$ cat structure-v1.tsv   # TSV, C-alpha atoms
chain	number	residue	atom	x	y	z
A	1	ALA	CA	-6.27	-70.43	-267.67
A	2	LEU	CA	-4.83	-66.90	-267.95
A	3	GLY	CA	-4.99	-66.95	-271.76
A	4	MET	CA	-2.25	-66.28	-274.35
A	5	VAL	CA	-1.60	-63.12	-276.34
A	6	GLY	CA	-0.68	-64.24	-279.83
A	7	PRO	CA	0.10	-67.80	-280.97
A	8	PRO	CA	1.35	-70.19	-278.28
A	9	TRP	CA	3.94	-71.91	-280.48
A	10	PRO	CA	6.91	-69.56	-279.82
A	11	ALA	CA	6.53	-69.94	-276.05
A	12	ALA	CA	6.11	-73.71	-276.37
A	13	ALA	CA	9.18	-74.00	-278.64
A	14	GLY	CA	11.23	-71.96	-276.20
A	15	LEU	CA	10.13	-74.17	-273.31
A	16	VAL	CA	11.14	-77.29	-275.23
A	17	GLY	CA	14.50	-75.73	-276.05
A	18	VAL	CA	15.21	-74.82	-272.41
A	19	ALA	CA	14.13	-78.29	-271.30
A	20	LEU	CA	16.47	-79.95	-273.83
A	21	LEU	CA	19.32	-77.71	-272.73
A	22	PHE	CA	18.95	-78.76	-269.09
A	23	ALA	CA	18.42	-82.40	-270.06
A	24	VAL	CA	21.77	-82.44	-271.91
A	25	SER	CA	23.64	-80.59	-269.17
A	26	PHE	CA	22.09	-82.62	-266.36
A	27	GLN	CA	23.98	-85.81	-267.23
A	28	ARG	CA	27.38	-84.08	-267.16
A	29	ALA	CA	26.52	-82.16	-263.94
A	30	ALA	CA	25.36	-85.35	-262.25
A	31	ALA	CA	28.53	-87.21	-263.23
A	32	GLU	CA	30.89	-84.44	-262.13
A	33	GLY	CA	29.07	-83.51	-258.92
A	34	ASP	CA	27.97	-87.04	-257.96
A	35	THR	CA	24.43	-85.77	-257.35
A	36	LEU	CA	21.00	-86.33	-258.86
A	37	SER	CA	19.57	-82.96	-257.80
A	38	ILE	CA	17.39	-81.32	-260.45
A	39	THR	CA	16.79	-78.11	-258.49
A	40	THR	CA	18.75	-75.97	-260.98
A	41	ALA	CA	16.88	-77.42	-263.95
A	42	ILE	CA	13.48	-76.95	-262.35
A	43	ALA	CA	14.40	-73.40	-261.30
A	44	GLY	CA	15.44	-72.63	-264.88
A	45	LEU	CA	12.18	-73.95	-266.31
A	46	VAL	CA	10.17	-71.99	-263.76
A	47	THR	CA	12.16	-68.84	-264.58
A	48	TYR	CA	11.37	-69.25	-268.26
A	49	ALA	CA	7.68	-69.84	-267.49
A	50	LEU	CA	7.56	-66.70	-265.33
A	51	GLY	CA	9.20	-64.73	-268.14
A	52	VAL	CA	6.49	-65.93	-270.52
A	53	LEU	CA	3.86	-65.00	-267.94
A	54	ALA	CA	5.28	-61.47	-267.66
A	55	SER	CA	5.40	-61.09	-271.44
A	56	GLN	CA	1.69	-61.89	-271.56
A	57	GLY	CA	0.91	-58.87	-269.35
A	58	HIS	CA	0.71	-60.64	-265.96
A	59	VAL	CA	3.67	-58.78	-264.51
A	60	LEU	CA	2.54	-58.63	-260.86
A	61	LEU	CA	1.70	-62.33	-260.78
A	62	ALA	CA	5.08	-63.17	-262.32
A	63	VAL	CA	6.98	-60.95	-259.85
A	64	GLY	CA	5.09	-62.36	-256.86
A	65	SER	CA	5.67	-65.94	-258.01
A	66	ALA	CA	9.36	-65.19	-258.55
A	67	ALA	CA	9.64	-63.94	-254.97
A	68	VAL	CA	8.07	-67.16	-253.66
A	69	VAL	CA	10.41	-69.29	-255.81
A	70	ALA	CA	13.43	-67.32	-254.59
A	71	LEU	CA	12.36	-67.83	-250.98
A	72	LEU	CA	11.95	-71.59	-251.50
A	73	LEU	CA	15.39	-71.79	-253.11
A	74	ASP	CA	16.89	-69.89	-250.18
A	75	LEU	CA	15.27	-72.35	-247.76
A	76	LYS	CA	16.43	-75.37	-249.75
A	77	ASP	CA	18.79	-76.72	-247.09
A	78	GLU	CA	16.25	-76.27	-244.30
A	79	LEU	CA	13.54	-77.97	-246.35
A	80	HIS	CA	15.83	-80.90	-247.12
A	81	ARG	CA	16.69	-81.32	-243.45
A	82	GLY	CA	13.00	-81.25	-242.53
A	83	ILE	CA	12.10	-83.84	-245.17
A	84	ARG	CA	14.89	-86.16	-244.02
A	85	GLN	CA	13.45	-86.05	-240.48
A	86	ILE	CA	10.07	-87.40	-241.65
A	87	ALA	CA	9.78	-91.08	-240.75
A	88	PRO	CA	8.23	-93.50	-243.29
A	89	ALA	CA	5.30	-94.19	-240.92
A	90	GLU	CA	4.61	-90.44	-240.69
A	91	LEU	CA	4.64	-90.03	-244.46
A	92	ASP	CA	2.31	-93.03	-244.80
A	93	ALA	CA	-0.06	-91.45	-242.25
A	94	VAL	CA	-0.18	-88.15	-244.13
A	95	LEU	CA	-0.86	-89.92	-247.42
A	96	GLN	CA	-3.60	-92.09	-245.86
A	97	LEU	CA	-5.28	-89.06	-244.34
A	98	GLY	CA	-5.09	-87.31	-247.70
A	99	VAL	CA	-6.77	-90.22	-249.47
A	100	LEU	CA	-9.50	-90.44	-246.83
A	101	THR	CA	-10.12	-86.70	-247.15
A	102	VAL	CA	-9.96	-85.94	-250.87
A	103	VAL	CA	-11.07	-89.32	-252.23
A	104	VAL	CA	-13.50	-90.88	-249.75
A	105	LEU	CA	-15.15	-87.80	-248.23
A	106	PRO	CA	-16.49	-86.26	-251.49
A	107	LEU	CA	-18.14	-89.59	-252.35
A	108	LEU	CA	-20.27	-89.66	-249.18
A	109	PRO	CA	-23.79	-88.16	-249.32
A	110	ASP	CA	-24.56	-85.26	-247.00
A	111	VAL	CA	-28.08	-86.47	-246.16
A	112	GLY	CA	-29.67	-88.33	-243.27
A	113	TYR	CA	-30.33	-92.08	-243.38
A	114	GLY	CA	-31.86	-94.63	-241.06
A	115	PRO	CA	-34.39	-94.10	-238.27
A	116	TYR	CA	-35.27	-90.42	-237.87
A	117	GLU	CA	-32.72	-89.72	-240.67
A	118	ALA	CA	-30.18	-89.38	-237.86
A	119	LEU	CA	-27.19	-90.97	-239.62
A	120	ASN	CA	-25.38	-88.60	-241.98
A	121	PRO	CA	-22.43	-90.41	-243.65
A	122	PHE	CA	-20.67	-87.19	-244.66
A	123	ARG	CA	-20.76	-85.62	-241.19
A	124	LEU	CA	-19.84	-88.87	-239.46
A	125	TRP	CA	-16.81	-89.26	-241.73
A	126	VAL	CA	-15.81	-85.66	-240.98
A	127	ALA	CA	-15.74	-86.66	-237.30
A	128	VAL	CA	-13.55	-89.68	-238.18
A	129	LEU	CA	-11.16	-87.43	-240.10
A	130	LEU	CA	-11.05	-84.98	-237.20
A	131	ILE	CA	-9.99	-87.70	-234.76
A	132	ALA	CA	-7.36	-89.01	-237.18
A	133	ALA	CA	-6.04	-85.50	-237.94
A	134	LEU	CA	-5.80	-84.61	-234.24
A	135	SER	CA	-3.90	-87.83	-233.57
A	136	LEU	CA	-1.45	-87.02	-236.34
A	137	ALA	CA	-1.21	-83.37	-235.23
A	138	GLY	CA	-0.48	-84.47	-231.68
A	139	HIS	CA	2.34	-86.73	-232.89
A	140	ALA	CA	3.77	-83.88	-234.98
A	141	ALA	CA	3.52	-81.46	-232.04
A	142	ILE	CA	5.42	-83.90	-229.81
A	143	ARG	CA	8.15	-84.20	-232.44
A	144	TRP	CA	8.26	-80.41	-232.81
A	145	ARG	CA	7.96	-79.17	-229.23
A	146	GLY	CA	8.85	-82.22	-227.16
A	147	ALA	CA	6.64	-84.58	-225.19
A	148	HIS	CA	5.07	-82.15	-222.71
A	149	GLN	CA	4.82	-79.00	-224.80
A	150	GLY	CA	3.61	-80.98	-227.81
A	151	LEU	CA	0.66	-82.42	-225.91
A	152	LEU	CA	-0.32	-78.97	-224.67
A	153	TRP	CA	-0.29	-77.50	-228.17
A	154	ALA	CA	-2.30	-80.45	-229.49
A	155	ALA	CA	-4.86	-79.94	-226.71
A	156	ILE	CA	-5.28	-76.20	-227.31
A	157	LEU	CA	-5.64	-76.57	-231.07
A	158	GLY	CA	-7.86	-79.62	-230.66
A	159	GLY	CA	-10.09	-77.78	-228.19
A	160	LEU	CA	-10.83	-75.18	-230.86
A	161	ALA	CA	-12.36	-77.93	-233.02
A	162	SER	CA	-13.58	-80.60	-230.58
A	163	SER	CA	-12.46	-81.03	-226.99
A	164	THR	CA	-13.98	-84.53	-227.05
A	165	ALA	CA	-11.78	-85.52	-229.97
A	166	ALA	CA	-8.78	-83.86	-228.32
A	167	THR	CA	-9.40	-85.78	-225.08
A	168	LEU	CA	-9.59	-89.06	-226.98
A	169	ALA	CA	-6.31	-88.32	-228.79
A	170	LEU	CA	-4.61	-87.37	-225.51
A	171	ALA	CA	-5.91	-90.48	-223.74
A	172	ARG	CA	-4.57	-92.64	-226.57
A	173	ALA	CA	-1.17	-90.94	-226.31
A	174	ALA	CA	-1.07	-91.61	-222.56
A	175	ARG	CA	-2.08	-95.22	-223.06
A	176	ALA	CA	0.71	-95.74	-225.61
A	177	THR	CA	3.25	-93.88	-223.47
A	178	PRO	CA	2.34	-94.07	-219.74
A	179	ALA	CA	5.03	-91.52	-218.84
A	180	LEU	CA	2.96	-88.89	-220.66
A	181	ALA	CA	-0.15	-89.50	-218.53
A	182	PRO	CA	0.25	-86.47	-216.20
A	183	ALA	CA	0.86	-84.13	-219.12
A	184	ALA	CA	-2.02	-85.66	-221.10
A	185	GLY	CA	-4.46	-85.24	-218.20
A	186	SER	CA	-3.47	-81.61	-217.66
A	187	ALA	CA	-3.72	-80.89	-221.38
A	188	ALA	CA	-7.20	-82.49	-221.54
A	189	VAL	CA	-8.39	-80.07	-218.84
A	190	ALA	CA	-6.95	-77.17	-220.85
A	191	ALA	CA	-8.77	-78.41	-223.97
A	192	CYS	CA	-12.06	-78.26	-222.05
A	193	GLY	CA	-11.27	-74.69	-221.06
A	194	VAL	CA	-10.84	-73.80	-224.74
A	195	MET	CA	-14.22	-75.43	-225.38
A	196	PHE	CA	-15.87	-73.05	-222.88
A	197	VAL	CA	-14.28	-70.06	-224.61
A	198	ARG	CA	-15.56	-71.30	-227.97
A	199	MET	CA	-19.07	-71.79	-226.58
A	200	ALA	CA	-19.12	-68.32	-224.99
A	201	VAL	CA	-18.16	-66.74	-228.31
A	202	VAL	CA	-20.85	-68.71	-230.18
A	203	VAL	CA	-23.56	-67.87	-227.65
A	204	SER	CA	-22.70	-64.17	-227.52
A	205	ALA	CA	-22.47	-63.87	-231.30
A	206	LEU	CA	-25.71	-65.71	-232.13
A	207	GLN	CA	-27.87	-64.50	-229.25
A	208	PRO	CA	-26.55	-61.29	-227.62
A	209	GLN	CA	-29.26	-61.36	-224.93
A	210	LEU	CA	-27.58	-64.48	-223.52
A	211	ALA	CA	-24.14	-62.86	-223.44
A	212	THR	CA	-24.53	-61.28	-219.99
A	213	SER	CA	-25.90	-64.44	-218.40
A	214	LEU	CA	-24.93	-67.68	-220.09
A	215	GLY	CA	-22.00	-66.20	-222.00
A	216	ALA	CA	-20.53	-64.73	-218.81
A	217	LEU	CA	-20.95	-68.02	-216.96
A	218	LEU	CA	-19.21	-69.91	-219.76
A	219	MET	CA	-16.28	-67.47	-219.72
A	220	LEU	CA	-16.00	-67.78	-215.94
A	221	MET	CA	-15.89	-71.57	-216.25
A	222	ALA	CA	-13.33	-71.22	-219.05
A	223	VAL	CA	-11.05	-69.22	-216.77
A	224	ALA	CA	-11.52	-71.75	-213.95
A	225	CYS	CA	-10.85	-74.71	-216.25
A	226	LEU	CA	-7.76	-73.15	-217.82
A	227	ALA	CA	-6.47	-72.20	-214.37
A	228	ALA	CA	-7.00	-75.77	-213.13
A	229	GLY	CA	-5.18	-77.07	-216.19
A	230	ALA	CA	-2.29	-74.68	-215.55
A	231	VAL	CA	-1.98	-75.79	-211.90
A	232	LEU	CA	-2.04	-79.47	-212.89
A	233	TRP	CA	0.49	-78.75	-215.63
A	234	ARG	CA	2.95	-77.25	-213.14
A	235	LEU	CA	2.58	-80.29	-210.88
A	236	LYS	CA	3.43	-82.84	-213.57
A	237	PRO	CA	6.70	-84.76	-213.23
A	238	PRO	CA	9.35	-84.47	-215.97
A	239	VAL	CA	9.59	-87.13	-218.65
A	240	ALA	CA	12.92	-88.76	-219.39
A	241	PRO	CA	13.61	-89.47	-223.09
A	242	ALA	CA	14.03	-93.17	-222.29
A	243	GLU	CA	10.44	-93.30	-221.05
A	244	LEU	CA	8.96	-92.27	-224.39
A	245	ALA	CA	7.52	-94.88	-226.72
A	246	PRO	CA	8.85	-94.30	-230.27
A	247	THR	CA	6.72	-97.15	-231.61
A	248	ALA	CA	3.39	-95.52	-230.65
A	249	LYS	CA	0.93	-95.42	-233.52
A	250	VAL	CA	1.01	-92.27	-235.62
A	251	PHE	CA	-2.33	-92.87	-237.32
A	252	ASP	CA	-4.97	-95.05	-235.67
A	253	LEU	CA	-7.87	-95.35	-238.11
A	254	PRO	CA	-9.78	-98.04	-236.13
A	255	THR	CA	-10.01	-95.73	-233.11
A	256	ALA	CA	-11.20	-92.87	-235.31
A	257	VAL	CA	-13.84	-95.08	-236.97
A	258	GLY	CA	-14.97	-96.28	-233.54
A	259	PHE	CA	-15.52	-92.68	-232.49
A	260	GLY	CA	-17.58	-92.09	-235.62
A	261	VAL	CA	-19.74	-95.12	-234.83
A	262	MET	CA	-20.29	-93.85	-231.29
A	263	LEU	CA	-21.21	-90.42	-232.64
A	264	GLY	CA	-23.78	-91.99	-234.97
A	265	ALA	CA	-25.30	-93.98	-232.11
A	266	VAL	CA	-25.64	-90.84	-229.99
A	267	ALA	CA	-27.18	-88.94	-232.89
A	268	LEU	CA	-29.79	-91.70	-233.24
A	269	LEU	CA	-30.44	-91.65	-229.49
A	270	ALA	CA	-30.85	-87.87	-229.52
A	271	ARG	CA	-33.46	-88.01	-232.29
A	272	ALA	CA	-35.35	-90.78	-230.50
A	273	ALA	CA	-35.36	-88.76	-227.26
A	274	ARG	CA	-36.74	-85.73	-229.03
A	275	GLU	CA	-39.44	-87.87	-230.64
A	276	HIS	CA	-40.65	-89.70	-227.53
A	277	LEU	CA	-39.97	-87.49	-224.51
A	278	GLY	CA	-42.43	-84.75	-225.39
A	279	GLU	CA	-41.85	-81.47	-223.54
A	280	PHE	CA	-38.78	-82.94	-221.88
A	281	GLY	CA	-37.37	-83.92	-225.23
A	282	LEU	CA	-35.11	-80.88	-225.47
A	283	TYR	CA	-33.39	-81.78	-222.21
A	284	GLY	CA	-33.01	-85.40	-223.29
A	285	VAL	CA	-31.61	-84.36	-226.65
A	286	ALA	CA	-29.26	-81.89	-225.00
A	287	PHE	CA	-27.87	-84.48	-222.59
A	288	ALA	CA	-27.56	-87.18	-225.26
A	289	SER	CA	-25.93	-84.80	-227.76
A	290	GLY	CA	-23.55	-83.49	-225.13
A	291	LEU	CA	-22.05	-86.96	-224.74
A	292	THR	CA	-20.07	-86.35	-227.93
A	293	ASP	CA	-20.44	-82.69	-228.89
A	294	VAL	CA	-21.80	-79.43	-227.45
A	295	ASP	CA	-21.71	-77.21	-230.53
A	296	ALA	CA	-24.65	-78.75	-232.38
A	297	ILE	CA	-27.06	-78.61	-229.44
A	298	THR	CA	-25.84	-75.13	-228.47
A	299	ILE	CA	-26.52	-73.70	-231.91
A	300	SER	CA	-29.86	-75.53	-232.20
A	301	THR	CA	-31.03	-74.32	-228.79
A	302	ILE	CA	-30.04	-70.73	-229.53
A	303	GLY	CA	-32.09	-71.00	-232.70
A	304	LEU	CA	-35.11	-72.02	-230.62
A	305	VAL	CA	-34.66	-68.92	-228.45
A	306	ARG	CA	-34.32	-66.70	-231.49
A	307	ASP	CA	-37.50	-68.15	-232.99
A	308	GLY	CA	-39.40	-67.79	-229.73
A	309	THR	CA	-39.92	-71.55	-229.45
A	310	ALA	CA	-38.05	-71.89	-226.15
A	311	PRO	CA	-37.59	-69.35	-223.31
A	312	VAL	CA	-34.11	-68.24	-222.30
A	313	ASP	CA	-34.04	-70.19	-219.01
A	314	VAL	CA	-35.04	-73.44	-220.74
A	315	ALA	CA	-32.33	-72.94	-223.38
A	316	ALA	CA	-29.73	-72.18	-220.71
A	317	LEU	CA	-30.64	-75.35	-218.79
A	318	ALA	CA	-30.47	-77.44	-221.97
A	319	ILE	CA	-26.99	-76.11	-222.77
A	320	ALA	CA	-25.90	-76.70	-219.18
A	321	LEU	CA	-27.06	-80.32	-219.39
A	322	ALA	CA	-25.11	-80.74	-222.63
A	323	VAL	CA	-21.98	-79.35	-220.97
A	324	LEU	CA	-22.41	-81.62	-217.95
A	325	ALA	CA	-22.90	-84.69	-220.15
A	326	ASN	CA	-19.89	-83.74	-222.26
A	327	MET	CA	-17.64	-83.38	-219.22
A	328	VAL	CA	-18.83	-86.71	-217.79
A	329	ALA	CA	-18.20	-88.46	-221.11
A	330	LYS	CA	-14.73	-86.95	-221.48
A	331	ALA	CA	-13.80	-87.80	-217.88
A	332	ALA	CA	-14.88	-91.42	-218.45
A	333	MET	CA	-12.98	-91.51	-221.73
A	334	ALA	CA	-9.84	-90.15	-220.08
A	335	TRP	CA	-10.06	-92.62	-217.18
A	336	PHE	CA	-10.85	-95.82	-219.08
A	337	ILE	CA	-8.70	-95.17	-222.16
A	338	GLY	CA	-5.85	-93.11	-220.74
A	339	GLY	CA	-5.71	-94.78	-217.35
A	340	ARG	CA	-6.07	-93.71	-213.74
A	341	ALA	CA	-3.26	-91.12	-213.87
A	342	VAL	CA	-5.04	-89.27	-216.68
A	343	GLY	CA	-8.54	-89.73	-215.27
A	344	GLN	CA	-7.66	-88.40	-211.82
A	345	ARG	CA	-6.32	-85.15	-213.22
A	346	VAL	CA	-9.26	-84.68	-215.56
A	347	VAL	CA	-11.79	-85.37	-212.79
A	348	ALA	CA	-10.00	-82.97	-210.42
A	349	GLY	CA	-9.88	-80.20	-213.02
A	350	TYR	CA	-13.51	-80.69	-214.01
A	351	ALA	CA	-14.66	-80.79	-210.38
A	352	ALA	CA	-12.96	-77.45	-209.68
A	353	THR	CA	-14.54	-75.96	-212.80
A	354	LEU	CA	-18.04	-77.16	-211.92
A	355	ALA	CA	-17.60	-75.91	-208.37
A	356	VAL	CA	-16.78	-72.42	-209.63
A	357	GLY	CA	-19.80	-72.51	-211.94
A	358	GLY	CA	-22.07	-73.71	-209.13
A	359	ILE	CA	-20.87	-70.97	-206.77
A	360	ALA	CA	-21.45	-68.34	-209.47
A	361	LEU	CA	-25.00	-69.57	-210.03
A	362	ALA	CA	-25.74	-69.70	-206.29
A	363	ALA	CA	-24.43	-66.18	-205.84
A	364	GLY	CA	-26.49	-64.91	-208.75
A	365	LEU	CA	-23.42	-63.82	-210.69
A	366	ALA	CA	-24.68	-65.45	-213.90

$ encode --input "structure-v1.tsv" --output "structure tokens"
Amino acid sequence: ALGMVGPPWPAAAGLVGVALLFAVSFQRAAAEGDTLSITTAIAGLVTYALGVLASQGHVLLAVGSAAVVALLLDLKDELHRGIRQIAPAELDAVLQLGVLTVVVLPLLPDVGYGPYEALNPFRLWVAVLLIAALSLAGHAAIRWRGAHQGLLWAAILGGLASSTAATLALARAARATPALAPAAGSAAVAACGVMFVRMAVVVSALQPQLATSLGALLMLMAVACLAAGAVLWRLKPPVAPAELAPTAKVFDLPTAVGFGVMLGAVALLARAAREHLGEFGLYGVAFASGLTDVDAITISTIGLVRDGTAPVDVAALAIALAVLANMVAKAAMAWFIGGRAVGQRVVAGYAATLAVGGIALAAGLA
């Protein structure tokens, strides 16, 4: 791709010669050292290739690549230890997710089908991949940071993408390992707090005139929700290693597909509400959309304000309805999937958050 200066045959002949040299020496090295490592041979071939690259005038690229190769060689022992710690089920999960992402996803059309053209295969599959990826990320975080800290990291990162998906993944973790229920419930509340921060940033960036009213209210609720999550987190009991379930599923595709089906049903319901409810259609769409996601209806409603189609107070009420529906759906998901221990903490955290928001509205602070 970078092109060759002069005929390519000398460089190709040299590469073949170096490869033959390592091929001959590899057998003796393997017999004497009782090892099948080919790190030295690969490093030699890469060194030769970088020398050819530098001779062609790409000196900076060759030097930068050499630095990266040297760093990887220095970290060889650490990388080997990390690879040996990967369980076969975890490697299978990563490979399955890779196939579903790079093979299946590009084949799906990014257009609407069905009634009201509400079913978009590409976007629905993205939601499925998000659920699967968050489940795998949560498992990796637990392996990396331990049971409690891992769930918290999974919740915070998941809340940046979809607090609904994060809540589902946390509820599944609690269902598989009941000892994690208190931590999962607290983490789900924290994920909702991250959602409020994300919404406040989106609202303030897309429609600055809403920043001092709706944006401020969302940030206040974010602080309240994160504070509630922190209090619940401190109250959780410790988890003994014997209580953990090592056989919990790493990659649960049926659950992810089920979420995608539910998302498609809600999308269809939202379009039908907008079609048949007339002037109240926006509120119906907002509530129905909020059952699975708040970002789409938030961005759409802000667009209506920007275009002058909807006044600010109507848009704010629509977004509030979406938030309320989203919190109700996540609380129900946490309770019925994760169990009572998870649901109680989520309901308590959400109730405190809504109370703070209600007081702020009554006092005219937002």

$ residues_around --input "structure-v1.tsv" --residues "segment 104-106 of chain A" --least-positions-apart "6" --cutoff "8 Å" --atoms "all atoms listed in the file" --output "PyMOL selection string"
chain A and resi 122+125-126

$ atom_distance --input "structure-v1.tsv" --atom1 "atom CA of Met195 of chain A" --atom2 "atom CA of Leu108 of chain A"
28.4 Å

$ closest_residue --input "structure-v1.tsv" --among "A:Leu210, A:Val103, A:Leu232, A:Ala11" --to "Leu152 of chain A" --atoms "all atoms listed in the file"
A:Leu232

$ residues_around --input "structure-v1.tsv" --residues "segment 341-343 of chain A" --least-positions-apart "5" --cutoff "8 Å" --atoms "all atoms listed in the file" --output "list in words"
Ala171, Ala174, Ala181, Pro182, Ala184, Gly185, Ser186, Ala331, Ala332, Ala334, Trp335 and Phe336 of chain A

$ write_last_selection --input "structure-v1.tsv" --atoms "C-alpha atoms" --output "CSV table (one decimal), in the frame of the given file"
chain,number,residue,atom,x,y,z
A,171,ALA,CA,-5.9,-90.5,-223.7
A,174,ALA,CA,-1.1,-91.6,-222.6
A,181,ALA,CA,-0.2,-89.5,-218.5
A,182,PRO,CA,0.2,-86.5,-216.2
A,184,ALA,CA,-2.0,-85.7,-221.1
A,185,GLY,CA,-4.5,-85.2,-218.2
A,186,SER,CA,-3.5,-81.6,-217.7
A,331,ALA,CA,-13.8,-87.8,-217.9
A,332,ALA,CA,-14.9,-91.4,-218.4
A,334,ALA,CA,-9.8,-90.2,-220.1
A,335,TRP,CA,-10.1,-92.6,-217.2
A,336,PHE,CA,-10.8,-95.8,-219.1

$ atom_distance --input "structure-v1.tsv" --atom1 "atom CA of Ala173 of chain A" --atom2 "atom CA of Leu226 of chain A"
20.8 Å

$ closest_residue --input "structure-v1.tsv" --among "A:Arg175, A:Ser213, A:Val111, A:Asp295" --to "Arg198 of chain A" --atoms "all atoms listed in the file"
A:Asp295

$ atom_distance --input "structure-v1.tsv" --atom1 "atom CA of Ala132 of chain A" --atom2 "atom CA of Val99 of chain A"
12.4 Å

$ closest_residue --input "structure-v1.tsv" --among "A:Ala133, A:Ala200, A:Val189, A:Leu321" --to "Leu253 of chain A" --atoms "only C-alpha atoms"
A:Ala133

$ closest_residue --input "structure-v1.tsv" --among "A:Ala49, A:Leu95, A:Leu100, A:Val305" --to "Leu206 of chain A" --atoms "all atoms listed in the file"
A:Val305

$ residues_around --input "structure-v1.tsv" --residues "Ser163 of chain A" --least-positions-apart "3" --cutoff "10 Å" --atoms "all atoms listed in the file" --output "PDB file with C-alpha atoms, in the coordinates of the input"
ATOM      1  CA  ALA A 155      -4.860 -79.940-226.710  1.00  0.00           C
ATOM      2  CA  ILE A 156      -5.280 -76.200-227.310  1.00  0.00           C
ATOM      3  CA  LEU A 157      -5.640 -76.570-231.070  1.00  0.00           C
ATOM      4  CA  GLY A 158      -7.860 -79.620-230.660  1.00  0.00           C
ATOM      5  CA  GLY A 159     -10.090 -77.780-228.190  1.00  0.00           C
ATOM      6  CA  LEU A 160     -10.830 -75.180-230.860  1.00  0.00           C
ATOM      7  CA  ALA A 166      -8.780 -83.860-228.320  1.00  0.00           C
ATOM      8  CA  THR A 167      -9.400 -85.780-225.080  1.00  0.00           C
ATOM      9  CA  LEU A 168      -9.590 -89.060-226.980  1.00  0.00           C
ATOM     10  CA  ALA A 169      -6.310 -88.320-228.790  1.00  0.00           C
ATOM     11  CA  ALA A 188      -7.200 -82.490-221.540  1.00  0.00           C
ATOM     12  CA  VAL A 189      -8.390 -80.070-218.840  1.00  0.00           C
ATOM     13  CA  ALA A 190      -6.950 -77.170-220.850  1.00  0.00           C
ATOM     14  CA  ALA A 191      -8.770 -78.410-223.970  1.00  0.00           C
ATOM     15  CA  CYS A 192     -12.060 -78.260-222.050  1.00  0.00           C
ATOM     16  CA  GLY A 193     -11.270 -74.690-221.060  1.00  0.00           C
ATOM     17  CA  VAL A 194     -10.840 -73.800-224.740  1.00  0.00           C
ATOM     18  CA  MET A 195     -14.220 -75.430-225.380  1.00  0.00           C
ATOM     19  CA  PHE A 196     -15.870 -73.050-222.880  1.00  0.00           C
ATOM     20  CA  THR A 292     -20.070 -86.350-227.930  1.00  0.00           C
ATOM     21  CA  ASP A 293     -20.440 -82.690-228.890  1.00  0.00           C
ATOM     22  CA  VAL A 294     -21.800 -79.430-227.450  1.00  0.00           C
ATOM     23  CA  ASN A 326     -19.890 -83.740-222.260  1.00  0.00           C
ATOM     24  CA  MET A 327     -17.640 -83.380-219.220  1.00  0.00           C
ATOM     25  CA  LYS A 330     -14.730 -86.950-221.480  1.00  0.00           C
TER      26      LYS A 330
END

$ residues_around --input "structure-v1.tsv" --residues "Ala67 of chain A" --least-positions-apart "6" --cutoff "12 Å" --atoms "only C-alpha atoms" --output "number ranges by chain"
A: 46-47, 50, 60-61, 73-74

$ closest_residue --input "structure-v1.tsv" --among "A:Leu220, A:Leu291, A:Leu129, A:Ala41" --to "Ala325 of chain A" --atoms "only C-alpha atoms"
A:Leu291

$ closest_residue --input "structure-v1.tsv" --among "A:Val314, A:Leu268, A:Leu151, A:Val347" --to "Gly112 of chain A" --atoms "all atoms listed in the file"
A:Leu268

$ decode --input "structure-v1.tsv" --residues "segment 118-131 of chain A" --atoms "C-alpha atoms" --output "compact mmCIF listing (two decimals), in the first residue's frame"
# COMPACT_ATOMS: atom_id res chain seq x y z
CA ALA A 118 -40.74 0.98 12.59
CA LEU A 119 -38.55 -2.14 12.49
CA ASN A 120 -34.95 -1.43 11.50
CA PRO A 121 -32.93 -4.70 11.44
CA PHE A 122 -29.56 -2.95 11.64
CA ARG A 123 -30.43 -0.82 14.68
CA LEU A 124 -32.18 -3.67 16.45
CA TRP A 125 -29.12 -5.88 15.99
CA VAL A 126 -26.92 -3.09 17.34
CA ALA A 127 -29.07 -3.20 20.50
CA VAL A 128 -28.58 -6.99 20.67
CA LEU A 129 -24.82 -6.56 20.35
CA LEU A 130 -24.84 -3.88 23.04
CA ILE A 131 -26.55 -6.19 25.52
